[in-house]
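Colleague: Just upload_16.cif, nothing more (mmCIF, C-alpha atoms):
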```cif
data_target
loop_
_atom_site.label_atom_id
_atom_site.label_comp_id
_atom_site.auth_asym_id
_atom_site.auth_seq_id
_atom_site.Cartn_x
_atom_site.Cartn_y
_atom_site.Cartn_z
CA MET K 1 24.56 -0.25 -36.81
CA ASN K 2 22.72 -3.20 -35.34
CA ASP K 3 24.87 -4.83 -32.66
CA ARG K 4 22.35 -7.45 -31.64
CA PRO K 5 23.59 -11.05 -31.86
CA ALA K 6 22.74 -12.80 -35.08
CA VAL K 7 20.51 -15.84 -35.16
CA PRO K 8 22.77 -18.93 -34.94
CA ALA K 9 23.33 -20.48 -38.33
CA GLY K 10 21.84 -23.81 -39.20
CA ARG K 11 18.53 -25.37 -39.97
CA ARG K 12 15.62 -25.05 -37.55
CA ASP K 13 12.48 -27.13 -37.39
CA VAL K 14 10.39 -24.25 -35.99
CA VAL K 15 10.81 -20.47 -36.04
CA VAL K 16 8.65 -18.57 -33.55
CA VAL K 17 8.27 -14.89 -34.44
CA GLY K 18 7.65 -12.86 -31.30
CA GLY K 19 8.83 -13.55 -27.78
CA GLY K 20 5.66 -12.59 -25.94
CA VAL K 21 3.95 -15.03 -23.60
CA ALA K 22 2.13 -16.78 -26.44
CA GLY K 23 5.33 -17.12 -28.46
CA LEU K 24 7.29 -18.44 -25.50
CA VAL K 25 4.64 -21.03 -24.67
CA ALA K 26 4.50 -22.12 -28.31
CA ALA K 27 8.28 -22.44 -28.40
CA LEU K 28 8.27 -24.45 -25.17
CA ASP K 29 5.61 -26.84 -26.47
CA CYS K 30 7.56 -27.38 -29.69
CA ALA K 31 10.82 -27.95 -27.81
CA ARG K 32 9.12 -30.49 -25.55
CA ALA K 33 7.92 -32.31 -28.65
CA GLY K 34 11.50 -32.66 -29.80
CA TYR K 35 11.72 -29.89 -32.39
CA ASP K 36 14.72 -27.59 -32.80
CA VAL K 37 13.24 -24.13 -32.10
CA VAL K 38 14.47 -20.55 -32.44
CA VAL K 39 12.54 -17.53 -31.12
CA LEU K 40 12.90 -14.17 -32.92
CA GLU K 41 12.09 -11.06 -30.87
CA ALA K 42 12.58 -7.46 -32.02
CA SER K 43 12.82 -5.86 -28.57
CA GLU K 44 15.58 -6.15 -26.00
CA VAL K 45 13.58 -8.35 -23.60
CA LEU K 46 11.16 -11.25 -23.79
CA GLY K 47 7.64 -11.24 -22.39
CA GLY K 48 5.78 -8.95 -24.76
CA CYS K 49 3.34 -6.73 -22.85
CA VAL K 50 4.17 -8.48 -19.58
CA GLY K 51 7.06 -6.78 -17.86
CA ARG K 52 8.09 -4.01 -15.49
CA VAL K 53 8.41 -0.28 -16.04
CA GLU K 54 9.90 2.59 -14.08
CA ALA K 55 7.58 5.56 -13.63
CA ALA K 56 8.76 9.01 -12.62
CA GLY K 57 8.02 9.72 -8.98
CA VAL K 58 7.03 6.13 -8.17
CA PRO K 59 9.56 4.50 -5.82
CA VAL K 60 8.90 0.91 -6.92
CA PRO K 61 8.69 -0.76 -10.37
CA LEU K 62 5.22 -1.12 -11.86
CA ASP K 63 3.81 -4.06 -13.78
CA SER K 64 3.07 -3.53 -17.47
CA GLY K 65 0.43 -5.65 -19.09
CA ALA K 66 -1.13 -8.44 -17.06
CA GLU K 67 0.04 -8.57 -13.45
CA SER K 68 -1.75 -11.75 -12.39
CA TRP K 69 -3.55 -14.81 -13.71
CA ALA K 70 -6.87 -16.47 -13.01
CA THR K 71 -6.63 -19.67 -10.98
CA ARG K 72 -9.66 -21.26 -12.65
CA GLY K 73 -8.78 -23.88 -15.24
CA GLY K 74 -5.48 -24.79 -13.59
CA ALA K 75 -3.33 -24.19 -16.67
CA VAL K 76 -0.82 -21.58 -15.50
CA ALA K 77 0.32 -22.88 -12.10
CA PRO K 78 1.59 -26.26 -13.43
CA LEU K 79 3.48 -24.42 -16.19
CA ILE K 80 5.16 -22.15 -13.64
CA ASP K 81 6.12 -25.15 -11.52
CA ALA K 82 7.52 -26.96 -14.56
CA LEU K 83 9.68 -23.92 -15.33
CA GLY K 84 11.06 -23.91 -11.79
CA LEU K 85 9.44 -20.58 -10.94
CA GLY K 86 7.10 -21.79 -8.21
CA ASP K 87 9.11 -20.06 -5.49
CA ALA K 88 8.77 -16.72 -7.29
CA ILE K 89 4.97 -16.57 -7.01
CA VAL K 90 3.71 -13.62 -4.94
CA ASP K 91 0.25 -13.83 -3.38
CA PRO K 92 -2.08 -10.88 -4.08
CA HIS K 93 -2.43 -8.25 -1.41
CA PRO K 94 -5.49 -9.07 0.72
CA ALA K 95 -6.84 -5.54 0.22
CA GLY K 96 -7.67 -6.47 -3.38
CA SER K 97 -7.77 -4.19 -6.40
CA TRP K 98 -9.08 -0.62 -6.52
CA LEU K 99 -10.58 1.46 -9.31
CA VAL K 100 -9.80 5.14 -9.88
CA THR K 101 -12.55 7.17 -11.55
CA ALA K 102 -12.94 10.81 -12.55
CA GLY K 103 -15.89 12.64 -11.07
CA ARG K 104 -17.35 16.05 -11.78
CA GLY K 105 -14.73 18.61 -12.65
CA GLY K 106 -12.19 15.89 -13.29
CA ALA K 107 -11.57 15.16 -9.60
CA LEU K 108 -10.26 11.64 -9.08
CA SER K 109 -11.66 9.20 -6.54
CA ALA K 110 -10.63 5.64 -5.67
CA ALA K 111 -12.70 2.76 -4.35
CA PRO K 112 -12.29 -1.01 -3.93
CA THR K 113 -13.41 -3.13 -6.87
CA PRO K 114 -16.81 -4.65 -6.01
CA LYS K 115 -16.36 -8.14 -4.58
CA THR K 116 -19.26 -9.94 -6.25
CA GLY K 117 -18.49 -9.46 -9.91
CA VAL K 118 -17.04 -11.01 -13.05
CA LEU K 119 -15.05 -8.70 -15.34
CA GLY K 120 -16.46 -5.84 -13.29
CA ILE K 121 -20.04 -6.94 -14.00
CA PRO K 122 -21.78 -6.82 -10.61
CA ALA K 123 -23.93 -9.69 -9.42
CA HIS K 124 -25.66 -7.30 -7.00
CA PRO K 125 -25.97 -3.88 -8.65
CA LEU K 126 -27.44 -2.21 -5.55
CA ALA K 127 -24.62 -3.31 -3.24
CA ALA K 128 -22.83 -0.50 -1.40
CA ASP K 129 -19.48 -1.14 -3.09
CA VAL K 130 -21.15 -0.89 -6.52
CA ARG K 131 -23.07 2.29 -5.62
CA ARG K 132 -19.84 3.88 -4.42
CA ILE K 133 -18.41 3.69 -7.95
CA VAL K 134 -21.40 4.08 -10.27
CA GLY K 135 -23.61 6.21 -8.03
CA LEU K 136 -27.19 5.58 -6.99
CA GLY K 137 -28.56 6.41 -10.43
CA GLY K 138 -26.18 4.01 -12.14
CA ALA K 139 -26.99 1.29 -9.63
CA LEU K 140 -30.76 1.73 -10.08
CA ARG K 141 -30.36 1.55 -13.86
CA ALA K 142 -28.29 -1.62 -13.51
CA ALA K 143 -30.88 -3.19 -11.23
CA THR K 144 -33.47 -3.05 -14.04
CA ASP K 145 -31.50 -5.85 -15.73
CA ARG K 146 -33.47 -8.39 -13.72
CA PHE K 147 -36.73 -7.22 -15.28
CA ARG K 148 -35.70 -6.47 -18.85
CA PRO K 149 -36.48 -8.90 -21.67
CA LEU K 150 -33.39 -10.55 -23.11
CA GLY K 151 -33.68 -9.00 -26.56
CA ARG K 152 -32.08 -10.21 -29.75
CA ARG K 153 -28.46 -9.43 -28.84
CA LEU K 154 -28.13 -12.45 -26.57
CA HIS K 155 -29.35 -14.80 -29.27
CA ARG K 156 -26.59 -13.85 -31.70
CA ASP K 157 -23.06 -15.21 -31.80
CA PRO K 158 -20.61 -13.88 -30.92
CA VAL K 159 -21.83 -11.65 -28.07
CA MET K 160 -19.56 -8.67 -27.39
CA LEU K 161 -18.93 -7.49 -23.84
CA GLY K 162 -19.48 -3.75 -24.27
CA PRO K 163 -22.84 -3.83 -26.06
CA LEU K 164 -24.11 -6.55 -23.71
CA VAL K 165 -23.26 -4.66 -20.51
CA ARG K 166 -24.56 -1.35 -21.87
CA ALA K 167 -27.89 -2.89 -22.86
CA ARG K 168 -28.38 -4.86 -19.66
CA LEU K 169 -26.79 -2.70 -16.95
CA GLY K 170 -26.31 0.72 -18.48
CA ALA K 171 -23.47 2.96 -19.63
CA ARG K 172 -22.23 3.88 -16.16
CA VAL K 173 -21.51 0.27 -15.19
CA LEU K 174 -19.77 -0.23 -18.52
CA ASP K 175 -17.67 2.94 -18.29
CA ARG K 176 -16.75 2.84 -14.60
CA LEU K 177 -16.52 -0.87 -13.83
CA VAL K 178 -16.22 -3.08 -16.90
CA THR K 179 -14.08 -0.96 -19.23
CA PRO K 180 -11.25 -0.33 -16.72
CA ILE K 181 -11.02 -4.03 -15.90
CA ALA K 182 -11.26 -5.20 -19.52
CA ALA K 183 -8.62 -2.67 -20.56
CA GLY K 184 -6.38 -3.39 -17.59
CA VAL K 185 -6.52 -7.18 -17.64
CA TYR K 186 -6.96 -7.92 -21.35
CA SER K 187 -5.69 -4.68 -22.95
CA ALA K 188 -8.86 -4.77 -25.03
CA ASP K 189 -11.80 -2.53 -25.83
CA PRO K 190 -14.96 -4.20 -24.46
CA GLU K 191 -16.80 -3.14 -27.62
CA VAL K 192 -14.84 -5.78 -29.57
CA LEU K 193 -14.14 -8.26 -26.76
CA GLU K 194 -16.09 -11.50 -27.12
CA VAL K 195 -17.71 -12.48 -23.82
CA ASP K 196 -17.14 -16.22 -24.19
CA SER K 197 -13.43 -15.68 -24.81
CA VAL K 198 -12.90 -14.05 -21.39
CA ALA K 199 -15.80 -15.40 -19.33
CA PRO K 200 -16.75 -18.82 -20.76
CA GLY K 201 -20.30 -19.78 -19.89
CA LEU K 202 -21.49 -16.28 -18.93
CA VAL K 203 -23.64 -15.80 -22.02
CA ALA K 204 -25.26 -19.20 -21.51
CA ALA K 205 -25.87 -18.43 -17.82
CA THR K 206 -27.42 -15.08 -18.76
CA ARG K 207 -29.77 -16.76 -21.19
CA GLU K 208 -30.71 -19.40 -18.63
CA HIS K 209 -31.40 -16.94 -15.81
CA ARG K 210 -32.72 -14.20 -18.12
CA SER K 211 -30.50 -11.62 -16.43
CA LEU K 212 -26.83 -10.68 -16.77
CA ALA K 213 -26.48 -10.02 -13.03
CA ARG K 214 -28.07 -13.36 -12.20
CA GLY K 215 -25.81 -15.03 -14.75
CA VAL K 216 -22.79 -13.56 -12.95
CA GLU K 217 -24.22 -14.70 -9.61
CA ALA K 218 -24.63 -18.24 -10.94
CA GLN K 219 -21.04 -18.30 -12.22
CA LEU K 220 -19.71 -17.11 -8.88
CA ALA K 221 -21.72 -19.75 -7.07
CA ALA K 222 -20.27 -22.43 -9.33
#
```
What would the structure in this file look like if it were written as structure tokens?

Modeller:
Amino acid sequence: MNDRPAVPAGRRDVVVVGGGVAGLVAALDCARAGYDVVVLEASEVLGGCVGRVEAAGVPVPLDSGAESWATRGGAVAPLIDALGLGDAIVDPHPAGSWLVTAGRGGALSAAPTPKTGVLGIPAHPLAADVRRIVGLGGALRAATDRFRPLGRRLHRDPVMLGPLVRARLGARVLDRLVTPIAAGVYSADPEVLEVDSVAPGLVAATREHRSLARGVEAQLAA
């Protein structure tokens, strides 16, 4: 027997199906415009993939889904302030994020995420923090990006993240740097993740500088 409360009777101007972040923002925008809105959500809590989970053996709750937001663009912070949640913001730990990778024999190792990168794509493939994760061979392969011709892939739209990184920087950078970040931040497979949807301007910068690493460097400088 379903003991969840029924949707209040009466006419509604807007019905939002799904109480994830996108649904909640849509409902808020409609309510601000003066519409009578109801949100329908199948689970017990709102937020969609964004929430907290308890893991066996871990003494503190863990974030599920996205655990942060990008400050560029300035869209999220004003929304949080408008909702009265500004005092609940927690600054990131200064140590930054780390990546865990499996080495030979399945042994796990952890290392800080390289500092000069976008979506895990390194601006300086030979940097020590990049070599620590992808190895010297992977770093040398990635460094050839600066000398490779652009090829046809970059002149097609849309450009997908996985094929682009593999062609320019090699499989090890894709597997050990880009895929964990794309999966962790966007819950998406980089093979079907459009570059311009997550890093606007990166494809154009790569075309201009004729190198993916240099394109990342230009974006960071800007």

Colleague: So which residues touch K:Val25 within 10 Å, counting all atoms listed in the file, skipping near sequence neighbours fewer than 6 positions away, as a list in words?

Modeller: Gly19, Ala31 and Leu79 of chain K

Colleague: Could you give me, as a list in words, the residues within 12 Å of stretch 48-57 of chain K, counting all atoms listed in the file and dropping anything in the same chain fewer than 2 positions from it?

Modeller: Val17, Gly18, Gly19, Gly20, Val21, Ala22, Gly23, Leu24, Glu41, Ala42, Ser43, Glu44, Val45, Leu46, Pro59, Val60, Pro61, Leu62, Asp63, Ser64, Gly65, Ala66, Glu67, Ser68, Trp69, Gly184, Val185, Tyr186 and Ser187 of chain K

Colleague: Using Å and a single decimal, report how far atom CA of K:Leu220 sits from atom CA of K:Arg153.

Modeller: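 Distance reported for this atom pair: 23.1 Å.
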
Colleague: Can you list, as a ChimeraX atom specification, every protein, DNA or RNA residue that comes within 10 Å of stretch 119-126 of chain K when you count all atoms listed in the file, leaving out same-chain residues fewer than 5 positions away?

Modeller: /K:113-114,131-132,134-145,161,165,169,173-174,176-182,185,195,198-199,211-220

Colleague: In Å, how far is it from atom CA of K:Gly117 to atom CA of K:Arg166?

Modeller: 15.7 Å

Colleague: Just checking: using only C-alpha atoms, which residue out of K:Glu208, K:Ala110, K:Glu191, K:Leu85 ends up closest to K:Ser97?

Modeller: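 The answer is K:Ala110, which sits nearest to K:Ser97.
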
Colleague: How would you write, as a count of residues only, the residues chosen by the PyMOL selection byres ((chain K and resi 100) around 9) on this structure?

Modeller: 12
